[in-house]
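Q: Please find target_24.txt (compact mmCIF, C-alpha atoms) on the next line:
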# COMPACT_ATOMS: atom_id res chain seq x y z
CA MET A 144 100.49 96.11 84.38
CA LYS A 145 97.05 97.65 84.30
CA ILE A 146 95.32 100.25 86.38
CA ASP A 147 93.26 98.25 88.86
CA HIS A 148 91.43 101.20 90.40
CA ILE A 149 91.54 104.84 91.39
CA GLY A 150 90.87 105.39 95.09
CA ILE A 151 88.70 108.35 96.03
CA ALA A 152 88.51 109.46 99.66
CA THR A 153 85.04 110.45 100.76
CA ARG A 154 83.30 111.24 104.01
CA GLY A 155 80.42 108.94 103.03
CA ILE A 156 80.22 106.29 100.32
CA GLN A 157 76.46 106.52 99.88
CA ASP A 158 76.51 110.26 99.18
CA ALA A 159 79.54 110.02 96.90
CA ALA A 160 78.10 107.04 95.02
CA LYS A 161 75.03 109.07 94.01
CA PHE A 162 77.02 110.99 91.40
CA TYR A 163 78.60 107.89 89.93
CA ARG A 164 75.29 106.01 89.87
CA ASP A 165 72.84 108.76 88.95
CA VAL A 166 74.99 110.84 86.61
CA LEU A 167 77.45 108.35 85.11
CA GLY A 168 75.29 105.22 85.41
CA LEU A 169 77.93 103.14 87.18
CA GLU A 170 76.94 100.29 89.48
CA VAL A 171 78.53 99.12 92.71
CA SER A 172 80.29 95.80 92.12
CA GLU A 173 81.00 92.85 94.44
CA ASP A 174 77.80 90.98 93.54
CA GLY A 175 75.52 93.80 94.61
CA ALA A 176 77.10 94.27 98.03
CA GLU A 177 77.07 97.95 98.81
CA THR A 178 80.33 98.10 100.76
CA GLU A 179 83.16 96.06 102.21
CA GLU A 180 84.94 96.92 105.43
CA VAL A 181 88.72 96.59 105.53
CA ALA A 182 89.22 96.56 109.29
CA GLU A 183 93.03 96.63 109.20
CA GLN A 184 92.95 99.93 107.28
CA LYS A 185 89.92 101.28 109.20
CA VAL A 186 87.93 101.95 106.04
CA ARG A 187 84.82 100.89 104.18
CA VAL A 188 85.05 100.68 100.39
CA ALA A 189 82.75 100.33 97.42
CA MET A 190 84.01 99.38 93.96
CA LEU A 191 82.38 100.80 90.84
CA PRO A 192 83.48 99.16 87.58
CA ILE A 193 84.38 101.48 84.72
CA GLY A 194 85.84 99.77 81.66
CA GLU A 195 88.63 97.42 82.67
CA SER A 196 89.26 99.41 85.86
CA ARG A 197 87.25 100.48 88.86
CA ILE A 198 86.64 103.53 90.99
CA GLU A 199 87.08 102.76 94.68
CA LEU A 200 85.08 104.98 97.02
CA ILE A 201 86.70 104.98 100.46
CA GLU A 202 85.24 106.22 103.73
CA PRO A 203 86.89 106.08 107.15
CA THR A 204 85.44 103.91 109.91
CA SER A 205 87.53 105.52 112.63
CA GLU A 206 88.87 108.97 113.42
CA ASP A 207 92.42 107.58 113.44
CA SER A 208 92.07 106.04 109.97
CA PRO A 209 94.60 107.17 107.33
CA ILE A 210 91.59 108.25 105.25
CA SER A 211 90.32 110.42 108.14
CA ARG A 212 93.70 112.15 108.26
CA PHE A 213 93.69 112.57 104.46
CA LEU A 214 90.20 114.11 104.55
CA GLU A 215 91.23 116.51 107.34
CA LYS A 216 94.26 117.73 105.39
CA ARG A 217 92.99 117.67 101.80
CA GLY A 218 89.24 117.05 101.78
CA PRO A 219 87.49 114.56 99.52
CA GLY A 220 89.21 113.60 96.29
CA ILE A 221 91.67 111.28 94.62
CA HIS A 222 93.65 109.40 97.26
CA HIS A 223 95.67 106.88 95.21
CA ILE A 224 96.14 105.06 91.93
CA ALA A 225 96.36 101.28 92.10
CA VAL A 226 98.14 99.12 89.55
CA ARG A 227 97.61 95.39 89.24
CA VAL A 228 100.69 93.20 89.40
CA ASP A 229 101.02 89.43 89.00
CA ASP A 230 103.55 89.00 91.82
CA ILE A 231 103.43 91.70 94.47
CA ARG A 232 106.49 90.46 96.35
CA ALA A 233 108.60 90.54 93.17
CA ALA A 234 107.23 94.01 92.33
CA LEU A 235 108.14 95.27 95.82
CA ALA A 236 111.64 93.79 95.54
CA ASN A 237 112.11 95.44 92.14
CA LEU A 238 110.97 98.82 93.47
CA ARG A 239 113.19 98.48 96.56
CA ASP A 240 116.20 97.55 94.37
CA LYS A 241 115.59 100.65 92.27
CA GLY A 242 115.54 102.90 95.33
CA ALA A 243 111.81 103.50 95.70
CA ARG A 244 110.57 104.43 99.16
CA LEU A 245 108.00 101.86 100.25
CA ILE A 246 105.27 102.41 102.81
CA ASP A 247 104.71 98.65 102.98
CA GLU A 248 107.78 96.43 102.90
CA GLU A 249 105.46 93.40 102.90
CA PRO A 250 102.02 93.07 101.32
CA ARG A 251 98.91 93.17 103.49
CA GLN A 252 95.31 92.15 103.07
CA GLY A 253 93.17 94.59 101.08
CA ALA A 254 89.63 94.75 99.77
CA GLY A 255 88.29 91.76 97.90
CA GLY A 256 90.90 89.45 99.41
CA CYS A 257 93.68 91.05 97.36
CA LEU A 258 97.23 91.58 98.58
CA VAL A 259 98.18 95.26 98.56
CA ALA A 260 101.21 97.43 99.28
CA PHE A 261 101.75 101.17 99.00
CA VAL A 262 104.64 103.14 97.50
CA HIS A 263 105.41 106.51 99.08
CA PRO A 264 104.48 109.60 97.03
CA SER A 265 108.04 110.93 97.39
CA SER A 266 109.13 108.20 94.94
CA THR A 267 106.31 108.69 92.43
CA GLY A 268 106.17 112.40 91.81
CA GLY A 269 103.60 113.07 94.52
CA VAL A 270 101.13 110.25 93.81
CA LEU A 271 100.34 107.55 96.35
CA LEU A 272 100.69 104.30 94.40
CA GLU A 273 99.10 101.04 95.46
CA LEU A 274 100.20 97.67 94.13
CA VAL A 275 97.40 95.08 93.94
CA GLN A 276 97.72 91.34 93.46
CA LYS A 277 94.37 89.65 92.87
CA ALA A 278 93.35 86.85 95.22
CA SER A 279 94.03 83.45 93.69
Could I get this structure in the form of structure tokens?
A:
Amino acid sequence: MKIDHIGIATRGIQDAAKFYRDVLGLEVSEDGAETEEVAEQKVRVAMLPIGESRIELIEPTSEDSPISRFLEKRGPGIHHIAVRVDDIRAALANLRDKGARLIDEEPRQGAGGCLVAFVHPSSTGGVLLELVQKAS
């Protein structure tokens, strides 16, 4: 496993990206595309490569988005850590067998065509964990 990305909730990608671009010198990935909308999750994301991982800036596209609720409760900041897995269904089965509380029993479509699933923070010491299987 590797860390795929760290998700950061923000009220606006463009404003948040200024720090990462102007101060750290990171560039938005996805072939120069500024953002990608993930309609199912009611968010827009931008990926900024950093080493072998990425920083994912996430902004809500709707007031009932999970990211909107997160921002209301906690404000901008780290939302989740995502780990890359080769077989997301096998990883979910393994976690389920070991008693982990899953938010997603089945994977769903995420940014970049990846399959994703979330593990509840109650099973991970308070950290929202996302499993990511790259699109084939």
Q: List as a PDB file with C-alpha atoms, in the coordinates of the input the protein and nucleic acid residues near Arg212 of chain A, meaning an atom at most 12 Å away when only C-alpha atoms are counted, but skip any in the same chain fewer than 4 places from it.
A:
ATOM      1  CA  ALA A 152      88.510 109.460  99.660  1.00  0.00           C
ATOM      2  CA  THR A 153      85.040 110.450 100.760  1.00  0.00           C
ATOM      3  CA  ARG A 154      83.300 111.240 104.010  1.00  0.00           C
ATOM      4  CA  LYS A 185      89.920 101.280 109.200  1.00  0.00           C
ATOM      5  CA  VAL A 186      87.930 101.950 106.040  1.00  0.00           C
ATOM      6  CA  GLU A 202      85.240 106.220 103.730  1.00  0.00           C
ATOM      7  CA  PRO A 203      86.890 106.080 107.150  1.00  0.00           C
ATOM      8  CA  THR A 204      85.440 103.910 109.910  1.00  0.00           C
ATOM      9  CA  SER A 205      87.530 105.520 112.630  1.00  0.00           C
ATOM     10  CA  GLU A 206      88.870 108.970 113.420  1.00  0.00           C
ATOM     11  CA  ASP A 207      92.420 107.580 113.440  1.00  0.00           C
ATOM     12  CA  SER A 208      92.070 106.040 109.970  1.00  0.00           C
ATOM     13  CA  LYS A 216      94.260 117.730 105.390  1.00  0.00           C
ATOM     14  CA  ARG A 217      92.990 117.670 101.800  1.00  0.00           C
ATOM     15  CA  GLY A 218      89.240 117.050 101.780  1.00  0.00           C
ATOM     16  CA  PRO A 219      87.490 114.560  99.520  1.00  0.00           C
ATOM     17  CA  HIS A 222      93.650 109.400  97.260  1.00  0.00           C
TER      18      HIS A 222
END
Q: Calculate how many Å separate atom CA of Glu273 of chain A from atom CA of Gly168 of chain A, rounding to one decimal.
A: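 Computing it gives 26.2 Å between the two atoms.
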Q: Kindly indicate which residue among A:Val228, A:Val262, A:Ile210, A:Leu167 lies nearest to Gly150 of chain A, using all atoms listed in the file for the distances.
A: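 Looking only at the distances to Gly150 of chain A, the closest residue turns out to be A:Ile210.
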Q: Of the candidates A:Thr267, A:Ser279, A:Ser211, A:Gln252, which one gets nearest to Glu183 of chain A if we count all atoms listed in the file?
A: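 Result for the nearest residue to Glu183 of chain A: A:Gln252.
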Q: Which residue out of A:Gly253, A:Ile246, A:Met144, A:Ile224 has the minimum interatomic distance to Ser265 of chain A when all atoms listed in the file are used?
A: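 When distances to Ser265 of chain A are compared using all atoms listed in the file, the smallest one comes from A:Ile246.
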Q: By how many Å are atom CA of Val181 of chain A and atom CA of Gly255 of chain A apart?
A: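 Answer for the atom CA of Val181 of chain A to atom CA of Gly255 of chain A separation: 9.0 Å.
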Q: Show which residues sit within 12 Å of Glu249 of chain A, as a VMD selection string. Count only C-alpha atoms, and ignore same-chain residues fewer than 4 positions away.
A: chain A and resid 231 to 236 239 245 258 to 262 274
Q: Tell me, in Å to one decimal, how far atom CA of Arg227 of chain A is from atom CA of His263 of chain A.
A: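 Result for atom CA of Arg227 of chain A versus atom CA of His263 of chain A: 16.8 Å, one decimal.
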Q: Give, as JSON, the centre coordinates and the x, y and z edge lengths in Å to one decimal for an axis-aligned box around all listed atoms of segment 254-259 of chain A, padded by 5 Å on each side.
A:
{"center_x": 93.2, "center_y": 92.4, "center_z": 98.6, "size_x": 19.9, "size_y": 15.8, "size_z": 12.4}
Q: For Cys257 of chain A, list every protein, DNA or RNA residue within 6 Å, evaluated using all atoms listed in the file, and leave out those in the same chain fewer than 4 positions away; present the list as a PyMOL selection string.
A: chain A and resi 253+276-278
Q: Since fewer atoms than expected are present, regenerate N, CA and C atoms for segment 178-208 of chain A and write them as a compact mmCIF listing (two decimals), in the frame of the given file.
A:
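Result written to part-v8.txt:
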# COMPACT_ATOMS: atom_id res chain seq x y z
N THR A 178 79.00 97.73 100.27
CA THR A 178 80.33 98.10 100.76
C THR A 178 81.04 96.89 101.33
N GLU A 179 82.34 97.07 101.53
CA GLU A 179 83.16 96.06 102.21
C GLU A 179 84.03 96.80 103.21
N GLU A 180 84.08 96.31 104.43
CA GLU A 180 84.94 96.92 105.43
C GLU A 180 86.30 96.25 105.41
N VAL A 181 87.35 97.07 105.42
CA VAL A 181 88.72 96.59 105.53
C VAL A 181 89.21 97.05 106.90
N ALA A 182 88.99 96.19 107.89
CA ALA A 182 89.22 96.56 109.29
C ALA A 182 90.65 96.99 109.55
N GLU A 183 91.61 96.30 108.96
CA GLU A 183 93.03 96.63 109.20
C GLU A 183 93.35 98.07 108.80
N GLN A 184 92.69 98.57 107.75
CA GLN A 184 92.95 99.93 107.28
C GLN A 184 91.92 100.93 107.81
N LYS A 185 90.95 100.44 108.60
CA LYS A 185 89.92 101.28 109.20
C LYS A 185 89.14 102.07 108.16
N VAL A 186 88.71 101.34 107.11
CA VAL A 186 87.93 101.95 106.04
C VAL A 186 86.81 101.02 105.59
N ARG A 187 85.86 101.62 104.90
CA ARG A 187 84.82 100.89 104.18
C ARG A 187 84.97 101.32 102.73
N VAL A 188 84.86 100.37 101.81
CA VAL A 188 85.05 100.68 100.39
C VAL A 188 83.89 100.15 99.56
N ALA A 189 83.69 100.80 98.43
CA ALA A 189 82.75 100.33 97.42
C ALA A 189 83.45 100.44 96.07
N MET A 190 83.35 99.40 95.27
CA MET A 190 84.01 99.38 93.96
C MET A 190 82.96 99.59 92.86
N LEU A 191 83.26 100.52 91.95
CA LEU A 191 82.38 100.80 90.84
C LEU A 191 83.14 100.53 89.55
N PRO A 192 82.77 99.48 88.82
CA PRO A 192 83.48 99.16 87.58
C PRO A 192 83.31 100.27 86.54
N ILE A 193 84.40 100.54 85.83
CA ILE A 193 84.38 101.48 84.72
C ILE A 193 85.41 100.99 83.71
N GLY A 194 84.93 100.40 82.63
CA GLY A 194 85.84 99.77 81.66
C GLY A 194 86.54 98.60 82.30
N GLU A 195 87.85 98.50 82.07
CA GLU A 195 88.63 97.42 82.67
C GLU A 195 89.09 97.75 84.09
N SER A 196 88.82 98.96 84.53
CA SER A 196 89.26 99.41 85.86
C SER A 196 88.05 99.62 86.75
N ARG A 197 88.32 100.18 87.93
CA ARG A 197 87.25 100.48 88.86
C ARG A 197 87.55 101.79 89.57
N ILE A 198 86.51 102.41 90.07
CA ILE A 198 86.64 103.53 90.99
C ILE A 198 86.36 102.97 92.37
N GLU A 199 87.25 103.22 93.31
CA GLU A 199 87.08 102.76 94.68
C GLU A 199 86.71 103.96 95.55
N LEU A 200 85.50 103.95 96.07
CA LEU A 200 85.08 104.98 97.02
C LEU A 200 85.47 104.50 98.40
N ILE A 201 86.15 105.36 99.16
CA ILE A 201 86.70 104.98 100.46
C ILE A 201 86.20 105.94 101.53
N GLU A 202 85.62 105.39 102.60
CA GLU A 202 85.24 106.22 103.73
C GLU A 202 85.90 105.67 104.99
N PRO A 203 86.27 106.54 105.91
CA PRO A 203 86.89 106.08 107.15
C PRO A 203 85.86 105.45 108.08
N THR A 204 86.30 104.49 108.88
CA THR A 204 85.44 103.91 109.91
C THR A 204 85.91 104.30 111.30
N SER A 205 86.97 105.10 111.36
CA SER A 205 87.53 105.52 112.63
C SER A 205 88.21 106.88 112.45
N GLU A 206 88.22 107.66 113.50
CA GLU A 206 88.87 108.97 113.42
C GLU A 206 90.38 108.88 113.24
N ASP A 207 90.98 107.73 113.60
CA ASP A 207 92.42 107.58 113.44
C ASP A 207 92.78 106.82 112.16
N SER A 208 91.83 106.68 111.27
CA SER A 208 92.07 106.04 109.97
C SER A 208 92.96 106.94 109.11
